[in-house]
Protein chains: 2
Amino acid sequence: MLSKFQAPPTASELKVVHEAIKPYIIQTSVLSHPDIDKKSGCQVFFKCENFQNIGAFKMRGATAAALSLSEAELKNGLATHSSGNHAQAVAKIAQILGIPAYIVMPDNAPAVKKEATLSYGAKVIDCKPTTADREATLERIVAETGAYFIHPYNDFNVIAGQATAAMELIEQVGDLDIIMAPIGGGGLMSGTSLAVRYFLPDGLAIGTEPEEVNDAYLSLRAGTIIENKTTNTIADGLRTTIREKTFGILQTAMNDIITVSEAEIIAAMKLLWEKQKIVIEPSCAVPFAALLQQKERFAGKRVGIIISGGNVDFNNLPF
Amino acid sequence: MLSKFQAPPTASELKVVHEAIKPYIIQTSVLSHPDIDKKSGCQVFFKCENFQNIGAFKMRGATAAALSLSEAELKNGLATHSSGNHAQAVAKIAQILGIPAYIVMPDNAPAVKKEATLSYGAKVIDCKPTTADREATLERIVAETGAYFIHPYNDFNVIAGQATAAMELIEQVGDLDIIMAPIGGGGLMSGTSLAVRYFLPDGLAIGTEPEEVNDAYLSLRAGTIIENKTTNTIADGLRTTIREKTFGILQTAMNDIITVSEAEIIAAMKLLWEKQKIVIEPSCAVPFAALLQQKERFAGKRVGIIISGGNVDFNNLPF
């Protein structure tokens, strides 16, 4: 059983988490393509978490959190609220561990996401599409079932799990100058930043965000958390706002942040589908869009990008 | 310079070809996914030639053929007729070698394929969409330019190049029970069959074909080449008919052939996009469709599948 971290995990704690979750996750491939490198003016290594169990990195964090729970905490199952990849990740690890999963989902969530969550044996509970009803419904479910709530990102064990994607990338391709990832709630980028600080001490951790939901960018500038005013981005995985645990890590361990426009996201996404031949979500295209926006800065470097997931509706592509 | 093979290449000739083409091709990744294995009832290893230069295995064969040409044969450039991936492969290797490429293409070929070929610096010459005009136009171009014609598959050097995909797969994942590939003109499956005979002597080479263009299936049964009556399949890479060199190798080196329906191709293609998260052409889904059709036969085995390419029109998906 893993410890429940009360502070950002140390390097050795991250290594313990990585070993613990290995039986439940896929060591995903790293891809490159000469046409992508030519277009970018640098060497780009994509860590393909779209090939992960449930199609996204979220499997790492949910597993790291679940493995920190005692038998007593696990026995009534796991619960969360999410309409996205975290829902599927909690459902999947609960299925593997043979315990129930209760997922609170807004009643306007896409049918395809609900079906995917159900396919892992979870119980899906509808709520109204507001934060208030989402949280109230979750509280009721937890009270009724005794299930353990795993937050999608504001949790040091979840962050530790997400860090393992960058750890593997560093193991797989060796020295990198920069590692980039997208920021939604900040779990992936917090973990990535810690991995860079510990295991790539000369490297830079650069976070990326859509201009339309630039809460991390604004919060870092202001020194206090500033909520997103809209969710008006195609990058549906990045509409959430950072919270105190991720904010704290991003403030201290991330080197820089770049924001990109919707048009830049769509163009980068199309290029990755066309040239790298991988199915990725719009959110994943954000770091690559940032690289293309600031090519001079990356010229000649070795750049790692965490491709966060590939759960996308084929009937609703933006190109 | 490679030899010009006058007979099916030997094991050591294949090794020489593989070394020679390595600087020009990508050693593509092999992917697996637990959900795919569960659905298949066996272990499936996808050799992802959709990640290859120009997005398809054809780069291997075109390069192997080009490297068998003397300076005198190369100096006026390369020529071929193709509306598909072979056109792009010949254009790309000519570009790398710094010589012209002349590609004869039917005037109804999709704009996207013409653009891709042009993007590698080739000269595209329109012809009428008939075999007669295609061949007459090619003859005229060769006479006018002195360019060297590389046949898409009925050429032992091209076949040797295509064999290297299966050779790499065997190196990458070790013992396999079966390797499968699709059959169009038969270049890929001829090379795959030779690779299995030489480097996986206890393994089976199983070819696969759409029912709608089952020329290889019928030809093998009849003992003589039988032309396709229609081109009525979504697997646009497999509409061509086998020729004497590929037919001879398939007769002697391939273990079996399975045909699949259009519905089976589309279902398998969708599953690979959804679960393995890779962009693949319909042609690539044919071997996986054959596996799903005959699951009992593959139960518990280790099966390699050559994913032949990923050049597909995103606005024309069958799902």
# chains A, B, ... in the order shown; residues from 1 in each chain; ligands from 1

$ residues_around --residues "B:His33" --least-positions-apart "4" --cutoff "9 Å" --atoms "only C-alpha atoms" --output "PyMOL selection string"
(chain A and resi 26+51-53) or (chain B and resi 37-38+43-45+275-276)

$ residues_around --residues "A:Leu78" --least-positions-apart "3" --cutoff "10 Å" --atoms "only C-alpha atoms" --output "PyMOL selection string"
chain A and resi 62+66+73-75+90-91+93-94+99-103+122+142+145-150

$ atom_distance --atom1 "atom CA of B:Val312" --atom2 "atom CA of B:Ser29"
19.6 Å

$ residues_around --residues "A:Ala166" --least-positions-apart "6" --cutoff "9 Å" --atoms "only C-alpha atoms" --output "list in words"
Lys47, Ile179, Gly191, Thr192, Ser193, Ala195, Val196, Gly304, Ile305 and Ile306 of chain A

$ write_last_selection --atoms "C-alpha atoms" --output "short mmCIF file (atom, residue, chain, number, x, y, z; two decimals), in the first residue's frame"
data_model
loop_
_atom_site.label_atom_id
_atom_site.label_comp_id
_atom_site.auth_asym_id
_atom_site.auth_seq_id
_atom_site.Cartn_x
_atom_site.Cartn_y
_atom_site.Cartn_z
CA LYS A 47 4.91 10.22 -25.13
CA ILE A 179 9.18 18.60 -21.52
CA GLY A 191 3.52 15.76 -11.98
CA THR A 192 5.50 16.56 -15.12
CA SER A 193 7.17 19.54 -13.44
CA ALA A 195 9.58 14.72 -12.72
CA VAL A 196 11.65 17.31 -14.62
CA GLY A 304 9.33 15.82 -25.11
CA ILE A 305 5.56 16.29 -25.31
CA ILE A 306 3.06 14.34 -23.22
#

$ select_by_dssp --residues "stretch 27-190 of chain A" --states "strand (DSSP E or B)" --output "PyMOL selection string"
chain A and resi 30-31+43-48+56+78-81+101-106+123-127+148-149+178-182

$ residues_around --residues "B:Val279" --least-positions-apart "4" --cutoff "8 Å" --atoms "only C-alpha atoms" --output "PDB file with N, CA and C atoms, in the first residue's frame"
ATOM      1  N   TRP A 273      -2.590  14.247 -36.501  1.00  0.00           N
ATOM      2  CA  TRP A 273      -3.373  13.170 -37.128  1.00  0.00           C
ATOM      3  C   TRP A 273      -2.788  12.817 -38.499  1.00  0.00           C
ATOM      4  N   LYS A 277      -0.004  10.196 -37.491  1.00  0.00           N
ATOM      5  CA  LYS A 277      -0.983   9.099 -37.651  1.00  0.00           C
ATOM      6  C   LYS A 277      -1.483   8.555 -36.318  1.00  0.00           C
ATOM      7  N   ILE A 278      -1.708   9.474 -35.365  1.00  0.00           N
ATOM      8  CA  ILE A 278      -2.271   9.040 -34.094  1.00  0.00           C
ATOM      9  C   ILE A 278      -3.588   9.754 -33.834  1.00  0.00           C
ATOM     10  N   VAL A 279      -4.479   9.038 -33.167  1.00  0.00           N
ATOM     11  CA  VAL A 279      -5.776   9.575 -32.775  1.00  0.00           C
ATOM     12  C   VAL A 279      -5.586  10.290 -31.439  1.00  0.00           C
TER      13      VAL A 279
ATOM     14  N   ASN B  50       1.948   2.634 -40.691  1.00  0.00           N
ATOM     15  CA  ASN B  50       1.312   3.956 -40.847  1.00  0.00           C
ATOM     16  C   ASN B  50       2.228   5.049 -40.294  1.00  0.00           C
ATOM     17  N   TRP B 273      -9.145   2.290 -34.561  1.00  0.00           N
ATOM     18  CA  TRP B 273      -9.133   3.741 -34.294  1.00  0.00           C
ATOM     19  C   TRP B 273      -9.528   4.000 -32.834  1.00  0.00           C
ATOM     20  N   GLY B 310      -1.467   4.673 -43.298  1.00  0.00           N
ATOM     21  CA  GLY B 310      -2.421   5.548 -42.616  1.00  0.00           C
ATOM     22  C   GLY B 310      -2.852   6.749 -43.429  1.00  0.00           C
ATOM     23  N   VAL B 312      -5.402   8.470 -45.200  1.00  0.00           N
ATOM     24  CA  VAL B 312      -6.855   8.351 -45.261  1.00  0.00           C
ATOM     25  C   VAL B 312      -7.456   9.755 -45.243  1.00  0.00           C
TER      26      VAL B 312
END

$ residues_around --residues "A:Glu211" --least-positions-apart "2" --cutoff "9 Å" --atoms "only C-alpha atoms" --output "MDAnalysis selection string"
chainID A and resid 209 213:215 217 233 258:262

$ write_last_selection --atoms "N, CA and C atoms" --output "PDB file, in the first residue's frame"
ATOM      1  N   GLU A 209      -1.551  26.060 -22.331  1.00  0.00           N
ATOM      2  CA  GLU A 209      -2.959  26.252 -22.001  1.00  0.00           C
ATOM      3  C   GLU A 209      -3.674  26.958 -23.165  1.00  0.00           C
ATOM      4  N   VAL A 213      -9.093  29.444 -21.801  1.00  0.00           N
ATOM      5  CA  VAL A 213      -9.238  28.956 -20.410  1.00  0.00           C
ATOM      6  C   VAL A 213      -7.868  29.062 -19.738  1.00  0.00           C
ATOM      7  N   ASN A 214      -7.380  30.309 -19.679  1.00  0.00           N
ATOM      8  CA  ASN A 214      -6.001  30.551 -19.225  1.00  0.00           C
ATOM      9  C   ASN A 214      -5.902  30.822 -17.729  1.00  0.00           C
ATOM     10  N   ASP A 215      -6.640  30.033 -16.939  1.00  0.00           N
ATOM     11  CA  ASP A 215      -6.633  30.243 -15.486  1.00  0.00           C
ATOM     12  C   ASP A 215      -5.249  30.070 -14.882  1.00  0.00           C
ATOM     13  N   TYR A 217      -2.302  30.506 -16.347  1.00  0.00           N
ATOM     14  CA  TYR A 217      -1.491  31.656 -16.774  1.00  0.00           C
ATOM     15  C   TYR A 217      -1.807  32.887 -15.917  1.00  0.00           C
ATOM     16  N   THR A 233     -13.514  26.427 -25.144  1.00  0.00           N
ATOM     17  CA  THR A 233     -12.383  25.894 -25.913  1.00  0.00           C
ATOM     18  C   THR A 233     -12.725  24.512 -26.440  1.00  0.00           C
ATOM     19  N   ILE A 258       2.890  28.768 -21.794  1.00  0.00           N
ATOM     20  CA  ILE A 258       2.568  29.376 -23.091  1.00  0.00           C
ATOM     21  C   ILE A 258       1.085  29.142 -23.362  1.00  0.00           C
ATOM     22  N   THR A 259       0.388  30.169 -23.847  1.00  0.00           N
ATOM     23  CA  THR A 259      -1.022  29.977 -24.208  1.00  0.00           C
ATOM     24  C   THR A 259      -1.187  30.031 -25.729  1.00  0.00           C
ATOM     25  N   VAL A 260      -2.185  29.312 -26.212  1.00  0.00           N
ATOM     26  CA  VAL A 260      -2.397  29.202 -27.668  1.00  0.00           C
ATOM     27  C   VAL A 260      -3.862  29.447 -28.027  1.00  0.00           C
ATOM     28  N   SER A 261      -4.071  29.877 -29.269  1.00  0.00           N
ATOM     29  CA  SER A 261      -5.428  30.166 -29.744  1.00  0.00           C
ATOM     30  C   SER A 261      -6.137  28.888 -30.188  1.00  0.00           C
ATOM     31  N   GLU A 262      -7.441  28.987 -30.341  1.00  0.00           N
ATOM     32  CA  GLU A 262      -8.218  27.836 -30.826  1.00  0.00           C
ATOM     33  C   GLU A 262      -7.759  27.403 -32.214  1.00  0.00           C
TER      34      GLU A 262
END

$ select_by_dssp --residues "stretch 53-203 of chain B" --states "helix (DSSP H, G or I)" --output "number ranges by chain"
B: 53-55, 58-66, 71-74, 85-97, 111-119, 131-145, 156-173, 187-199

$ interface_residues --of "chain A" --to "chain B" --cutoff "12 Å" --atoms "only C-alpha atoms" --output "ChimeraX atom specification"
/A:24-36,48-56,92,112,116,119-120,270-281,307,309-319

$ atom_distance --atom1 "atom CA of B:Asp236" --atom2 "atom CA of B:Phe156"
23.2 Å

$ residues_around --residues "B:Gly184" --least-positions-apart "2" --cutoff "8 Å" --atoms "only C-alpha atoms" --output "PyMOL selection string"
chain B and resi 182+186-187+209+237-242

$ write_last_selection --atoms "C-alpha atoms" --output "CSV table (one decimal), in the first residue's frame"
chain,number,residue,atom,x,y,z
B,182,PRO,CA,-3.2,-7.6,-46.6
B,186,GLY,CA,0.8,-9.0,-53.3
B,187,GLY,CA,4.1,-7.2,-52.8
B,209,GLU,CA,-8.1,-10.0,-48.8
B,237,GLY,CA,-5.1,0.0,-51.5
B,238,LEU,CA,-6.1,-3.6,-52.3
B,239,ARG,CA,-7.9,-3.1,-55.6
B,240,THR,CA,-5.0,-4.2,-57.8
B,241,THR,CA,-4.5,-7.7,-59.1
B,242,ILE,CA,-1.5,-10.0,-58.3

$ decode --residues "stretch 87-111 of chain B" --atoms "N, CA and C atoms" --output "short mmCIF file (atom, residue, chain, number, x, y, z; two decimals), in the first residue's frame"
data_model
loop_
_atom_site.label_atom_id
_atom_site.label_comp_id
_atom_site.auth_asym_id
_atom_site.auth_seq_id
_atom_site.Cartn_x
_atom_site.Cartn_y
_atom_site.Cartn_z
N ALA B 87 3.02 5.92 -55.28
CA ALA B 87 3.34 7.22 -55.91
C ALA B 87 4.13 8.10 -54.94
N GLN B 88 3.63 8.19 -53.72
CA GLN B 88 4.30 9.02 -52.72
C GLN B 88 5.68 8.47 -52.36
N ALA B 89 5.79 7.14 -52.34
CA ALA B 89 7.07 6.51 -51.98
C ALA B 89 8.13 6.79 -53.04
N VAL B 90 7.76 6.65 -54.30
CA VAL B 90 8.71 6.91 -55.39
C VAL B 90 9.09 8.40 -55.38
N ALA B 91 8.08 9.26 -55.17
CA ALA B 91 8.36 10.70 -55.11
C ALA B 91 9.34 11.01 -53.97
N LYS B 92 9.12 10.40 -52.82
CA LYS B 92 9.93 10.70 -51.64
C LYS B 92 11.37 10.21 -51.81
N ILE B 93 11.57 8.98 -52.29
CA ILE B 93 12.94 8.49 -52.42
C ILE B 93 13.69 9.26 -53.52
N ALA B 94 12.96 9.65 -54.57
CA ALA B 94 13.60 10.48 -55.61
C ALA B 94 14.03 11.81 -55.00
N GLN B 95 13.17 12.39 -54.18
CA GLN B 95 13.51 13.66 -53.52
C GLN B 95 14.75 13.51 -52.65
N ILE B 96 14.80 12.43 -51.89
CA ILE B 96 15.96 12.18 -51.01
C ILE B 96 17.23 12.02 -51.85
N LEU B 97 17.11 11.29 -52.98
CA LEU B 97 18.28 11.04 -53.82
C LEU B 97 18.60 12.23 -54.73
N GLY B 98 17.74 13.24 -54.72
CA GLY B 98 18.00 14.44 -55.50
C GLY B 98 17.81 14.26 -57.00
N ILE B 99 16.85 13.41 -57.37
CA ILE B 99 16.57 13.20 -58.79
C ILE B 99 15.08 13.43 -59.03
N PRO B 100 14.67 13.66 -60.30
CA PRO B 100 13.25 13.91 -60.55
C PRO B 100 12.38 12.65 -60.40
N ALA B 101 11.10 12.86 -60.15
CA ALA B 101 10.13 11.75 -60.13
C ALA B 101 8.95 12.14 -61.01
N TYR B 102 8.51 11.21 -61.86
CA TYR B 102 7.38 11.41 -62.76
C TYR B 102 6.30 10.41 -62.38
N ILE B 103 5.17 10.91 -61.92
CA ILE B 103 4.11 10.02 -61.45
C ILE B 103 2.88 10.18 -62.35
N VAL B 104 2.52 9.10 -63.01
CA VAL B 104 1.31 9.11 -63.84
C VAL B 104 0.12 8.75 -62.95
N MET B 105 -0.87 9.64 -62.96
CA MET B 105 -2.02 9.46 -62.05
C MET B 105 -3.32 9.66 -62.81
N PRO B 106 -4.30 8.81 -62.58
CA PRO B 106 -5.60 9.01 -63.22
C PRO B 106 -6.18 10.38 -62.86
N ASP B 107 -6.84 11.04 -63.84
CA ASP B 107 -7.29 12.41 -63.58
C ASP B 107 -8.44 12.47 -62.57
N ASN B 108 -8.97 11.30 -62.16
CA ASN B 108 -10.00 11.30 -61.11
C ASN B 108 -9.44 10.90 -59.73
N ALA B 109 -8.10 10.87 -59.62
CA ALA B 109 -7.51 10.54 -58.31
C ALA B 109 -7.87 11.63 -57.29
N PRO B 110 -8.05 11.26 -56.04
CA PRO B 110 -8.41 12.25 -55.02
C PRO B 110 -7.35 13.37 -54.94
N ALA B 111 -7.83 14.59 -54.82
CA ALA B 111 -6.94 15.77 -54.76
C ALA B 111 -5.90 15.60 -53.66
#
